[in-house]
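Novice: Please find target_17.txt (compact mmCIF, C-alpha atoms) on the next line:
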# COMPACT_ATOMS: atom_id res chain seq x y z
CA MET A 171 6.36 -18.83 31.19
CA SER A 172 8.57 -21.74 30.15
CA GLY A 173 5.36 -23.40 28.98
CA LEU A 174 4.64 -20.52 26.60
CA GLU A 175 8.26 -20.47 25.53
CA SER A 176 8.21 -24.12 24.59
CA VAL A 177 4.96 -23.68 22.66
CA ILE A 178 6.51 -20.78 20.74
CA ALA A 179 9.61 -22.86 20.02
CA GLY A 180 7.40 -25.69 18.73
CA PRO A 181 5.61 -26.17 15.44
CA TRP A 182 3.09 -23.43 16.32
CA GLY A 183 5.79 -20.80 16.51
CA ALA A 184 5.12 -19.59 12.98
CA ALA A 185 1.45 -19.08 13.85
CA PHE A 186 2.53 -16.91 16.76
CA ALA A 187 4.80 -14.92 14.47
CA ILE A 188 2.02 -14.39 11.93
CA GLY A 189 -0.38 -13.48 14.73
CA ALA A 190 2.11 -10.98 16.12
CA MET A 191 2.64 -9.40 12.70
CA MET A 192 -1.11 -9.30 12.09
CA SER A 193 -1.79 -7.58 15.42
CA ALA A 194 0.93 -5.00 14.86
CA THR A 195 -0.38 -4.25 11.37
CA PHE A 196 -4.02 -4.13 12.44
CA LEU A 197 -3.14 -1.71 15.24
CA CYS A 198 -1.53 0.56 12.64
CA ARG A 199 -4.60 0.20 10.42
CA ILE A 200 -7.11 1.22 13.10
CA ALA A 201 -4.97 3.70 15.05
CA GLY A 202 -5.58 6.64 12.72
CA MET A 203 -9.34 6.15 12.87
CA VAL A 204 -9.32 5.85 16.67
CA VAL A 205 -7.19 8.96 17.11
CA MET A 206 -9.33 11.01 14.73
CA SER A 207 -12.52 10.08 16.56
CA ARG A 208 -11.03 11.46 19.77
CA VAL A 209 -9.44 14.72 18.67
CA ARG A 210 -11.15 17.81 17.34
CA ILE A 211 -10.32 18.08 13.67
CA THR A 212 -9.14 21.60 12.93
CA PRO A 213 -9.02 23.04 9.40
CA ARG A 214 -5.25 22.84 9.70
CA VAL A 215 -5.30 19.08 10.34
CA GLU A 216 -7.76 18.67 7.50
CA ARG A 217 -5.43 20.56 5.16
CA GLY A 218 -2.54 18.37 6.19
CA LEU A 219 -4.45 15.18 5.56
CA ARG A 220 -5.63 16.47 2.19
CA ALA A 221 -1.99 16.66 1.17
CA LEU A 222 -1.44 13.01 2.12
CA PRO A 223 -2.41 11.09 -1.04
CA GLY A 224 -0.06 13.01 -3.33
CA SER A 225 2.63 13.10 -0.65
CA ILE A 226 2.53 9.34 -0.13
CA ILE A 227 2.71 8.74 -3.87
CA LEU A 228 5.76 10.95 -4.34
CA ALA A 229 7.43 9.61 -1.20
CA THR A 230 6.92 6.06 -2.44
CA ILE A 231 7.87 6.34 -6.09
CA LEU A 232 10.49 9.08 -6.31
CA PRO A 233 13.39 7.15 -4.73
CA VAL A 234 12.49 3.99 -6.67
CA VAL A 235 12.19 5.76 -10.01
CA ILE A 236 15.44 7.68 -9.52
CA ASP A 237 17.24 4.47 -8.53
CA LYS A 238 16.06 2.83 -11.73
CA GLY A 239 17.32 5.69 -13.89
CA TRP A 240 16.12 7.41 -17.04
CA PRO A 241 14.04 4.52 -18.50
CA ALA A 242 11.88 4.64 -15.37
CA ILE A 243 11.61 8.43 -15.59
CA MET A 244 10.50 8.17 -19.24
CA ALA A 245 7.97 5.49 -18.34
CA LEU A 246 6.56 7.60 -15.55
CA ALA A 247 6.34 10.61 -17.87
CA ALA A 248 4.47 8.51 -20.46
CA THR A 249 2.08 7.31 -17.76
CA ILE A 250 1.33 10.84 -16.60
CA VAL A 251 0.81 12.17 -20.14
CA ALA A 252 -1.50 9.27 -21.04
CA MET A 253 -3.43 9.73 -17.80
CA ALA A 254 -3.76 13.49 -18.29
CA LEU A 255 -5.16 12.88 -21.77
CA THR A 256 -7.50 9.97 -21.02
CA ARG A 257 -8.07 9.96 -17.22
CA PHE A 258 -8.17 6.19 -17.49
CA GLU A 259 -5.75 4.38 -15.17
CA LEU A 260 -5.37 1.23 -17.25
CA ILE A 261 -4.30 3.28 -20.27
CA GLY A 262 -1.81 5.19 -18.12
CA LEU A 263 -0.45 1.90 -16.82
CA ALA A 264 -0.18 0.42 -20.31
CA ALA A 265 1.58 3.53 -21.64
CA GLY A 266 4.12 3.39 -18.81
CA LEU A 267 4.82 -0.32 -19.05
CA GLY A 268 4.90 -0.18 -22.85
CA THR A 269 7.42 2.67 -22.83
CA LEU A 270 9.57 0.88 -20.29
CA SER A 271 9.65 -2.43 -22.14
CA LEU A 272 10.39 -0.68 -25.45
CA ILE A 273 13.33 1.18 -23.92
CA ARG A 274 14.64 -2.02 -22.36
CA LEU A 275 14.08 -3.99 -25.55
CA PHE A 276 16.38 -1.63 -27.39
CA GLY A 277 18.99 -1.83 -24.70
CA GLY A 278 18.15 1.23 -22.65
CA MET B 216 -26.65 16.33 -1.19
CA SER B 217 -27.82 13.02 0.09
CA ALA B 218 -25.17 11.59 -2.24
CA LEU B 219 -22.59 13.22 0.02
CA ARG B 220 -23.80 11.34 3.07
CA SER B 221 -22.02 8.07 3.87
CA HIS B 222 -24.05 5.03 2.98
CA PHE B 223 -23.53 1.39 2.09
CA SER B 224 -24.87 -0.48 -0.91
CA LEU B 225 -24.38 -4.00 -2.14
CA ALA B 226 -24.21 -2.67 -5.69
CA GLY B 227 -21.18 -0.70 -4.52
CA LEU B 228 -19.32 -3.95 -3.85
CA GLY B 229 -19.26 -4.85 -7.52
CA GLN B 230 -18.47 -1.30 -8.52
CA GLY B 231 -15.59 -1.31 -6.04
CA ALA B 232 -14.29 -4.58 -7.45
CA ARG B 233 -14.18 -3.01 -10.91
CA ALA B 234 -12.60 0.18 -9.60
CA ALA B 235 -9.78 -1.94 -8.15
CA LEU B 236 -8.83 -3.33 -11.56
CA PRO B 237 -5.96 -0.88 -12.29
CA ALA B 238 -4.23 -2.07 -9.12
CA PHE B 239 -4.32 -5.74 -10.18
CA PRO B 240 -1.02 -5.83 -12.13
CA GLY B 241 0.96 -4.33 -9.26
CA PHE B 242 -0.70 -6.58 -6.70
CA ILE B 243 -0.13 -9.69 -8.78
CA MET B 244 3.54 -8.92 -9.35
CA PHE B 245 4.23 -8.01 -5.73
CA ALA B 246 2.37 -10.98 -4.23
CA MET B 247 3.94 -13.41 -6.69
CA ALA B 248 7.37 -12.03 -5.84
CA PHE B 249 6.55 -12.54 -2.19
CA GLY B 250 5.31 -16.10 -2.74
CA THR B 251 8.46 -16.93 -4.67
CA ALA B 252 10.74 -15.37 -2.06
CA ALA B 253 8.89 -17.19 0.72
CA SER B 254 9.32 -20.59 -0.89
CA GLN B 255 12.98 -19.91 -1.65
CA LYS B 256 13.44 -18.93 1.97
CA GLY B 257 12.03 -22.30 3.05
CA LEU B 258 8.64 -21.20 4.37
CA SER B 259 5.79 -23.68 4.10
CA LEU B 260 2.83 -22.92 1.86
CA ALA B 261 0.67 -22.43 4.96
CA GLU B 262 3.11 -19.89 6.36
CA ALA B 263 3.30 -17.94 3.10
CA LEU B 264 -0.48 -17.91 2.66
CA GLY B 265 -0.98 -17.11 6.34
CA LEU B 266 1.21 -14.06 6.02
CA SER B 267 -0.60 -12.88 2.90
CA ALA B 268 -4.06 -13.54 4.33
CA PHE B 269 -3.63 -12.12 7.83
CA VAL B 270 -0.81 -9.59 7.68
CA TYR B 271 -1.68 -8.49 4.13
CA ALA B 272 0.93 -5.75 3.84
CA GLY B 273 3.54 -6.31 1.18
CA ALA B 274 6.52 -4.36 2.44
CA SER B 275 6.27 -5.81 5.94
CA GLN B 276 5.83 -9.33 4.57
CA MET B 277 9.05 -8.94 2.57
CA VAL B 278 10.91 -7.54 5.55
CA GLY B 279 9.42 -10.29 7.71
CA LEU B 280 11.03 -12.88 5.44
CA GLU B 281 14.44 -11.38 6.20
CA ILE B 282 14.08 -12.09 9.88
CA TRP B 283 11.93 -15.25 9.63
CA GLN B 284 13.03 -18.04 12.01
CA ARG B 285 12.88 -21.81 11.89
CA VAL B 286 12.55 -21.94 15.67
CA TRP B 287 10.85 -19.02 17.39
CA SER B 288 11.41 -17.49 20.80
CA PRO B 289 9.53 -14.71 22.62
CA THR B 290 12.38 -12.38 21.70
CA THR B 291 12.28 -13.09 17.96
CA ILE B 292 8.47 -12.81 18.01
CA LEU B 293 8.75 -9.42 19.66
CA THR B 294 11.38 -8.37 17.12
CA ILE B 295 9.28 -9.28 14.09
CA MET B 296 6.27 -7.58 15.68
CA THR B 297 8.21 -4.35 16.24
CA VAL B 298 9.71 -4.34 12.77
CA THR B 299 6.25 -4.93 11.27
CA ALA B 300 4.78 -2.05 13.26
CA VAL B 301 7.54 0.28 12.10
CA VAL B 302 7.19 -0.67 8.43
CA ASN B 303 3.40 -0.36 8.54
CA SER B 304 3.17 2.75 10.71
CA ARG B 305 2.35 4.81 7.60
CA MET B 306 -1.06 3.07 7.62
CA ILE B 307 -1.96 5.17 10.67
CA LEU B 308 -2.13 8.14 8.30
CA LEU B 309 -4.21 6.27 5.74
CA GLY B 310 -6.71 5.23 8.40
CA ALA B 311 -6.94 8.79 9.71
CA THR B 312 -8.13 10.09 6.34
CA LEU B 313 -10.94 7.52 6.27
CA HIS B 314 -12.46 8.84 9.49
CA PRO B 315 -14.93 11.35 7.97
CA TRP B 316 -16.22 8.66 5.62
CA LEU B 317 -16.52 5.81 8.13
CA LYS B 318 -17.33 7.53 11.42
CA ASP B 319 -21.03 6.60 11.42
CA GLU B 320 -20.57 3.10 10.05
CA PRO B 321 -21.21 -0.04 12.14
CA LYS B 322 -18.00 -0.93 13.99
CA PRO B 323 -17.50 -4.49 12.66
CA ARG B 324 -17.74 -3.31 9.05
CA THR B 325 -15.31 -0.50 9.75
CA ALA B 326 -12.92 -2.99 11.37
CA LEU B 327 -13.09 -5.11 8.21
CA ASN B 328 -12.58 -2.07 5.97
CA LEU B 329 -9.58 -1.01 8.03
CA PHE B 330 -8.14 -4.53 8.03
CA LEU B 331 -8.24 -4.37 4.23
CA ILE B 332 -6.36 -1.05 3.97
CA THR B 333 -3.55 -1.00 1.43
CA GLU B 334 -1.95 2.01 -0.17
CA ALA B 335 -3.21 1.12 -3.65
CA GLY B 336 -6.75 0.36 -2.52
CA TRP B 337 -6.78 3.49 -0.40
CA LEU B 338 -5.70 5.62 -3.36
CA ILE B 339 -8.52 4.20 -5.46
CA SER B 340 -11.09 4.85 -2.75
CA THR B 341 -9.66 8.28 -2.01
CA ARG B 342 -10.12 9.23 -5.63
CA TYR B 343 -13.74 8.05 -5.53
CA HIS B 344 -14.32 9.93 -2.28
CA SER B 345 -12.78 13.17 -3.55
CA ASP B 346 -15.06 12.96 -6.61
CA GLY B 347 -17.98 13.12 -4.16
CA GLY B 348 -18.69 9.39 -3.81
CA ARG B 349 -19.68 8.19 -0.34
CA ASP B 350 -20.76 4.56 -0.86
CA VAL B 351 -18.78 2.48 1.65
CA GLY B 352 -19.62 -0.54 -0.51
CA ILE B 353 -17.05 0.72 -3.02
CA LEU B 354 -14.37 0.78 -0.33
CA LEU B 355 -15.25 -2.70 0.89
CA GLY B 356 -15.66 -4.14 -2.61
CA SER B 357 -12.28 -2.94 -3.78
CA GLY B 358 -10.68 -4.02 -0.49
CA LEU B 359 -12.06 -7.55 -0.64
CA THR B 360 -11.16 -7.91 -4.31
CA LEU B 361 -7.57 -6.79 -3.83
CA TRP B 362 -7.23 -9.10 -0.83
CA ALA B 363 -8.36 -12.07 -2.94
CA VAL B 364 -5.97 -11.12 -5.75
CA TRP B 365 -3.13 -10.85 -3.25
CA PHE B 366 -3.92 -14.25 -1.75
CA VAL B 367 -4.21 -16.09 -5.06
CA ALA B 368 -1.08 -14.45 -6.50
CA THR B 369 0.89 -15.48 -3.40
CA PHE B 370 -0.22 -19.06 -4.01
CA ILE B 371 0.82 -18.92 -7.66
CA GLY B 372 4.13 -17.27 -6.86
CA PHE B 373 4.92 -19.91 -4.26
CA PHE B 374 4.85 -22.65 -6.91
CA ALA B 375 5.44 -20.90 -10.21
CA GLY B 376 7.98 -18.28 -9.19
CA ALA B 377 10.85 -20.04 -10.90
CA LEU B 378 8.85 -20.28 -14.14
CA VAL B 379 8.08 -16.58 -14.44
CA PRO B 380 10.35 -14.88 -16.98
CA GLU B 381 12.61 -12.11 -15.81
CA PRO B 382 10.18 -9.43 -14.66
CA THR B 383 12.38 -6.53 -15.77
CA ARG B 384 11.84 -7.47 -19.41
CA PHE B 385 8.30 -6.20 -19.49
CA GLY B 386 8.85 -3.50 -16.94
CA LEU B 387 6.98 -5.49 -14.36
CA ASP B 388 9.39 -4.50 -11.60
CA LEU B 389 8.01 -0.99 -11.93
CA VAL B 390 4.29 -1.80 -12.11
CA MET B 391 3.58 -0.48 -8.64
CA PRO B 392 5.41 2.87 -9.07
CA ILE B 393 3.77 3.37 -12.48
CA PHE B 394 0.33 2.67 -11.03
CA PHE B 395 1.03 5.17 -8.25
CA GLY B 396 2.15 7.70 -10.86
CA ALA B 397 -1.11 7.22 -12.77
CA MET B 398 -3.09 7.81 -9.57
CA LEU B 399 -1.26 11.09 -9.07
CA VAL B 400 -2.86 12.74 -12.11
CA PRO B 401 -6.49 12.94 -10.90
CA LEU B 402 -5.21 14.32 -7.59
CA TRP B 403 -3.70 17.33 -9.34
CA LYS B 404 -5.61 20.51 -8.43
CA GLY B 405 -2.96 23.02 -9.49
CA PRO B 406 0.59 23.79 -8.37
CA ARG B 407 -0.22 25.27 -4.97
CA PRO B 408 -1.92 22.23 -3.41
CA ALA B 409 0.93 20.17 -4.84
CA LEU B 410 3.64 22.03 -2.90
CA PRO B 411 3.46 19.55 0.02
CA TRP B 412 4.02 16.73 -2.50
CA LEU B 413 7.35 18.31 -3.44
CA VAL B 414 8.34 18.49 0.21
CA ALA B 415 7.31 14.85 0.64
CA GLY B 416 9.36 13.78 -2.38
CA ALA B 417 12.44 15.70 -1.28
CA VAL B 418 12.32 14.38 2.28
CA SER B 419 11.82 10.80 1.10
CA LEU B 420 14.83 11.10 -1.23
CA VAL B 421 16.99 12.30 1.65
CA PHE B 422 15.75 9.51 3.93
CA HIS B 423 16.19 6.92 1.22
CA ALA B 424 19.82 7.98 0.81
CA LEU B 425 20.56 8.00 4.54
CA VAL B 426 18.38 5.38 6.24
CA PRO B 427 18.09 1.74 5.13
CA GLY B 428 14.67 0.12 4.82
CA TYR B 429 11.25 1.51 3.98
CA LEU B 430 11.20 4.41 6.42
CA PHE B 431 11.55 6.91 3.57
CA ILE B 432 7.85 6.45 2.74
CA LEU B 433 6.69 7.35 6.23
CA ALA B 434 9.17 10.22 6.53
CA GLY B 435 8.11 11.69 3.19
CA ALA B 436 4.40 11.25 3.88
CA LEU B 437 4.68 12.91 7.29
CA ALA B 438 6.68 15.77 5.82
CA GLY B 439 3.96 16.25 3.20
CA VAL B 440 1.22 16.36 5.83
CA VAL B 441 3.16 18.84 7.95
CA ALA B 442 3.84 20.99 4.88
CA GLY B 443 0.13 20.85 4.05
CA MET B 444 -0.68 22.07 7.55
CA LEU B 445 1.79 24.94 7.35
CA ILE B 446 0.98 26.20 3.86
CA GLU B 447 -2.18 28.30 3.88
Will you turn the file into structure tokens for me?
Specialist:
Amino acid sequence: MSGLESVIAGPWGAAFAIGAMMSATFLCRIAGMVVMSRVRITPRVERGLRALPGSIILATILPVVIDKGWPAIMALAATIVAMALTRFELIGLAAGLGTLSLIRLFGG
Amino acid sequence: MSALRSHFSLAGLGQGARAALPAFPGFIMFAMAFGTAASQKGLSLAEALGLSAFVYAGASQMVGLEIWQRVWSPTTILTIMTVTAVVNSRMILLGATLHPWLKDEPKPRTALNLFLITEAGWLISTRYHSDGGRDVGILLGSGLTLWAVWFVATFIGFFAGALVPEPTRFGLDLVMPIFFGAMLVPLWKGPRPALPWLVAGAVSLVFHALVPGYLFILAGALAGVVAGMLIE
């Protein structure tokens, strides 16, 4: 025990920390797959998971965009309009970033 | 019909690499910011690259920096492990959605594909999958490409962070949210299927206001899934 403790306190400690973080993350990455292979997937579960991509996007960006205020909201709107018209992600991205830097350039 | 059966092609790898392109700007900015923060925090290059290569999950890497130690103990290792698991728990959901696509794949390749899961890469692959694509090569190709971009950008950020102009000037602080916003459009199938998204957004706003950290993403995502299950 004290042997392990002294190794962790030594120069290899960071490697242990990275290893611990990697294991925790990898467990999260595989857990969903493992669970799904063991439970029966009902139409209800399927419906829930179908809602996930859009839900994760809104859950991720809404607080950030609202924190950043109206320039971010305008940029997001420009992105969505450009995407709806072209269906091409890079154009959507360019429209959003362009709008944002223009607003900021003129002191938004 | 056979197109809807899972398969793997080497040609898919290159196609996946190209499909990942829209996620590059966000990945580069985030990984460079991490590399810069890591060097400012006093981490060695090996530590910064090790985190990017093996943990490969931006939010948890950033949070990890906050509690990074010069001298480690079993307790601090356990702490950073727990915090990492909490921040990355939303990946459980991402992995679950890949099950129908990967269930008949060889286990080692699935392990690699799952190791490479990121939200951005998953969104790209999800879009491909919902358009009827089933080539696992696309998933792996985009995953490997994004991993390499992440690794290289960490390296650059570690050394060049101080030289990069203020990211807010070109809107680069919002690259990731804007990319996510762009990915939302092809997911739109009318207002009804989007109702759970509203629930997710509302719940994440509430959590963001009340709970510090990144938990608002998980809370919102879970709320969206539950809403999707409840709404017929």
Novice: For Leu280 in chain B, which residue among A:Gly180, A:Ile200, A:Met244, A:Met191 is the nearest when counting all atoms listed in the file?
Specialist: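 Going through A:Gly180, A:Ile200, A:Met244, A:Met191 one by one, the smallest distance to Leu280 in chain B is for A:Met191.
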Novice: Any idea what's packed within 7 Å of range 256-267 of chain B, counting all atoms listed in the file, ignoring anything in its chain fewer than 6 positions away? Could you give it as a VMD selection string?
Specialist: (chain A and resid 184 188) or (chain B and resid 250 276 365 to 366 369 to 370)
Novice: With chain A as the partner and 7 Å as the cut-off, tabulate the residues of chain B that qualify, each row holding the nearest pair of atoms and their distance in Å to one decimal, using only C-alpha atoms, sorted by chain and rising number, as a tab-separated table.
Specialist:
residue	atom	partner	partner_atom	distance
B:Pro237	CA	A:Leu260	CA	5.4
B:Glu262	CA	A:Ala184	CA	6.9
B:Gly265	CA	A:Ile188	CA	6.9
B:Leu266	CA	A:Ile188	CA	6.0
B:Phe269	CA	A:Met192	CA	5.7
B:Val270	CA	A:Met192	CA	4.4
B:Val286	CA	A:Ala179	CA	5.3
B:Trp287	CA	A:Ala179	CA	4.8
B:Ser288	CA	A:Ala179	CA	5.7
B:Pro289	CA	A:Glu175	CA	6.6
B:Ile292	CA	A:Ala187	CA	5.5
B:Ile295	CA	A:Met191	CA	6.8
B:Met296	CA	A:Met191	CA	5.0
B:Thr299	CA	A:Met191	CA	5.9
B:Ala300	CA	A:Ala194	CA	5.1
B:Asn303	CA	A:Thr195	CA	6.1
B:Ser304	CA	A:Cys198	CA	5.5
B:Met306	CA	A:Arg199	CA	5.3
B:Ile307	CA	A:Gly202	CA	4.4
B:Leu308	CA	A:Gly202	CA	5.8
B:Gly310	CA	A:Gly202	CA	4.7
B:Ala311	CA	A:Gly202	CA	3.9
B:Thr312	CA	A:Leu219	CA	6.3
B:Leu313	CA	A:Met203	CA	6.9
B:His314	CA	A:Met203	CA	5.3
B:Leu329	CA	A:Arg199	CA	5.7
B:Phe330	CA	A:Phe196	CA	6.0
B:Ile332	CA	A:Arg199	CA	6.8
B:Leu338	CA	A:Pro223	CA	6.8
B:Arg384	CA	A:Ser271	CA	6.1
B:Phe385	CA	A:Ser271	CA	4.8
B:Gly386	CA	A:Ser271	CA	5.4
B:Pro392	CA	A:Ile231	CA	5.2
B:Ile393	CA	A:Leu246	CA	5.9
B:Phe394	CA	A:Leu263	CA	5.9
B:Phe395	CA	A:Ile227	CA	5.9
B:Gly396	CA	A:Leu246	CA	6.4
B:Ala397	CA	A:Gly262	CA	5.8
B:Leu399	CA	A:Gly224	CA	6.2
B:Val400	CA	A:Ala254	CA	6.3
B:Leu402	CA	A:Gly224	CA	6.8
B:Pro411	CA	A:Ala221	CA	6.3
B:Trp412	CA	A:Ser225	CA	4.3
B:Ala415	CA	A:Ser225	CA	5.2
B:Gly416	CA	A:Ala229	CA	4.7
B:Ser419	CA	A:Ala229	CA	5.1
B:Leu420	CA	A:Pro233	CA	5.5
B:His423	CA	A:Pro233	CA	6.6
B:Phe431	CA	A:Ala229	CA	6.9
B:Ile432	CA	A:Ala229	CA	5.1
B:Gly435	CA	A:Ala229	CA	4.9
B:Ala436	CA	A:Ile226	CA	4.8
B:Gly439	CA	A:Ser225	CA	5.1
B:Val440	CA	A:Gly218	CA	4.3
B:Val441	CA	A:Gly218	CA	6.0
B:Gly443	CA	A:Gly218	CA	4.2
B:Met444	CA	A:Gly218	CA	4.4
Novice: So how far away is CA of Arg342 in chain B from CA of Val278 in chain B, in Å?
Specialist: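 Between CA of Val278 in chain B and CA of Arg342 in chain B the gap works out to 29.1 Å.
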Novice: Just to confirm, what's the straight-line distance from CA of Gly279 in chain B to CA of Ala424 in chain B in Å (one decimal)?
Specialist: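 Calculated distance between CA of Gly279 in chain B and CA of Ala424 in chain B is 22.1 Å.
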Novice: Could you tell me how far CA of Ser224 in chain B sits from CA of Gly352 in chain B, in Å to one decimal place?
Specialist: 5.3 Å
Novice: Which one of B:Gly372, B:Pro321, B:Gly241, B:Gly336 sits closest to Ala253 in chain B if you count all atoms listed in the file?
Specialist: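 That would be B:Gly372, the residue with the smallest distance to Ala253 in chain B.
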Novice: When you look at Leu331 in chain B with a cut-off of 9 Å (counting all atoms listed in the file), what residues show up, excluding the ones that are within fewer than 3 positions of it in the same chain? I need them as a list in words.
Specialist: Arg199 of chain A; Tyr271, Ala326, Leu327, Asn328, Gly336, Leu355, Gly358, Leu359, Leu361 and Trp362 of chain B
Novice: Using all atoms of range 355-361 of chain B that appear in the file, construct an axis-aligned enclosing box with 3 Å of padding on every side and provide its centre coordinates and edge lengths in Å, rounded to one decimal, as lines of an AutoDock Vina configuration file.
Specialist:
center_x = -11.6
center_y = -5.3
center_z = -1.7
size_x = 14.1
size_y = 11.2
size_z = 11.2
Novice: Would you mind telling me which residue in B:Val367, B:Tyr343, B:Tyr429, B:Thr251 lies nearest to Gly231 in chain B when using only C-alpha atoms?
Specialist: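 Of all the options, B:Tyr343 lies closest to Gly231 in chain B.
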Novice: (7.4, -14.7, -8.8) in this file's frame - what residues fall within 9 Å of it? Use only C-alpha atoms and give the answer as a list in words.
Specialist: Met244, Phe245, Ala246, Met247, Ala248, Phe249, Gly250, Thr251, Ala252, Ala368, Thr369, Ile371, Gly372, Phe373, Phe374, Ala375, Gly376, Ala377, Leu378, Val379, Pro380 and Pro382 of chain B
Novice: Rebuild N, CA and C atoms on range 212-226 of chain A, as a PDB file, keeping the file's coordinate frame?
Specialist:
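Listing of part_32.pdb after writing:
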ATOM      1  N   THR A 212      -9.229  20.200  13.320  1.00  0.00           N
ATOM      2  CA  THR A 212      -9.140  21.600  12.930  1.00  0.00           C
ATOM      3  C   THR A 212      -8.951  21.686  11.418  1.00  0.00           C
ATOM      4  N   PRO A 213      -9.246  22.867  10.847  1.00  0.00           N
ATOM      5  CA  PRO A 213      -9.020  23.040   9.400  1.00  0.00           C
ATOM      6  C   PRO A 213      -7.571  22.758   9.020  1.00  0.00           C
ATOM      7  N   ARG A 214      -6.664  23.052   9.964  1.00  0.00           N
ATOM      8  CA  ARG A 214      -5.250  22.840   9.700  1.00  0.00           C
ATOM      9  C   ARG A 214      -4.943  21.344   9.516  1.00  0.00           C
ATOM     10  N   VAL A 215      -5.488  20.537  10.441  1.00  0.00           N
ATOM     11  CA  VAL A 215      -5.300  19.080  10.340  1.00  0.00           C
ATOM     12  C   VAL A 215      -5.902  18.574   9.037  1.00  0.00           C
ATOM     13  N   GLU A 216      -7.078  19.097   8.722  1.00  0.00           N
ATOM     14  CA  GLU A 216      -7.760  18.670   7.500  1.00  0.00           C
ATOM     15  C   GLU A 216      -6.897  18.981   6.275  1.00  0.00           C
ATOM     16  N   ARG A 217      -6.296  20.179   6.291  1.00  0.00           N
ATOM     17  CA  ARG A 217      -5.430  20.560   5.160  1.00  0.00           C
ATOM     18  C   ARG A 217      -4.254  19.619   5.042  1.00  0.00           C
ATOM     19  N   GLY A 218      -3.677  19.281   6.198  1.00  0.00           N
ATOM     20  CA  GLY A 218      -2.540  18.370   6.190  1.00  0.00           C
ATOM     21  C   GLY A 218      -2.908  17.023   5.607  1.00  0.00           C
ATOM     22  N   LEU A 219      -4.048  16.495   6.038  1.00  0.00           N
ATOM     23  CA  LEU A 219      -4.450  15.180   5.560  1.00  0.00           C
ATOM     24  C   LEU A 219      -4.832  15.207   4.076  1.00  0.00           C
ATOM     25  N   ARG A 220      -5.311  16.367   3.622  1.00  0.00           N
ATOM     26  CA  ARG A 220      -5.630  16.470   2.190  1.00  0.00           C
ATOM     27  C   ARG A 220      -4.381  16.351   1.337  1.00  0.00           C
ATOM     28  N   ALA A 221      -3.245  16.738   1.911  1.00  0.00           N
ATOM     29  CA  ALA A 221      -1.990  16.660   1.170  1.00  0.00           C
ATOM     30  C   ALA A 221      -1.425  15.243   1.163  1.00  0.00           C
ATOM     31  N   LEU A 222      -2.043  14.339   1.929  1.00  0.00           N
ATOM     32  CA  LEU A 222      -1.440  13.010   2.120  1.00  0.00           C
ATOM     33  C   LEU A 222      -1.385  12.141   0.858  1.00  0.00           C
ATOM     34  N   PRO A 223      -2.489  12.019   0.100  1.00  0.00           N
ATOM     35  CA  PRO A 223      -2.410  11.090  -1.040  1.00  0.00           C
ATOM     36  C   PRO A 223      -1.255  11.395  -1.993  1.00  0.00           C
ATOM     37  N   GLY A 224      -1.154  12.654  -2.419  1.00  0.00           N
ATOM     38  CA  GLY A 224      -0.060  13.010  -3.330  1.00  0.00           C
ATOM     39  C   GLY A 224       1.298  12.859  -2.665  1.00  0.00           C
ATOM     40  N   SER A 225       1.356  13.197  -1.363  1.00  0.00           N
ATOM     41  CA  SER A 225       2.630  13.100  -0.650  1.00  0.00           C
ATOM     42  C   SER A 225       3.096  11.646  -0.569  1.00  0.00           C
ATOM     43  N   ILE A 226       2.159  10.755  -0.260  1.00  0.00           N
ATOM     44  CA  ILE A 226       2.530   9.340  -0.130  1.00  0.00           C
ATOM     45  C   ILE A 226       2.970   8.792  -1.483  1.00  0.00           C
TER      46      ILE A 226
END
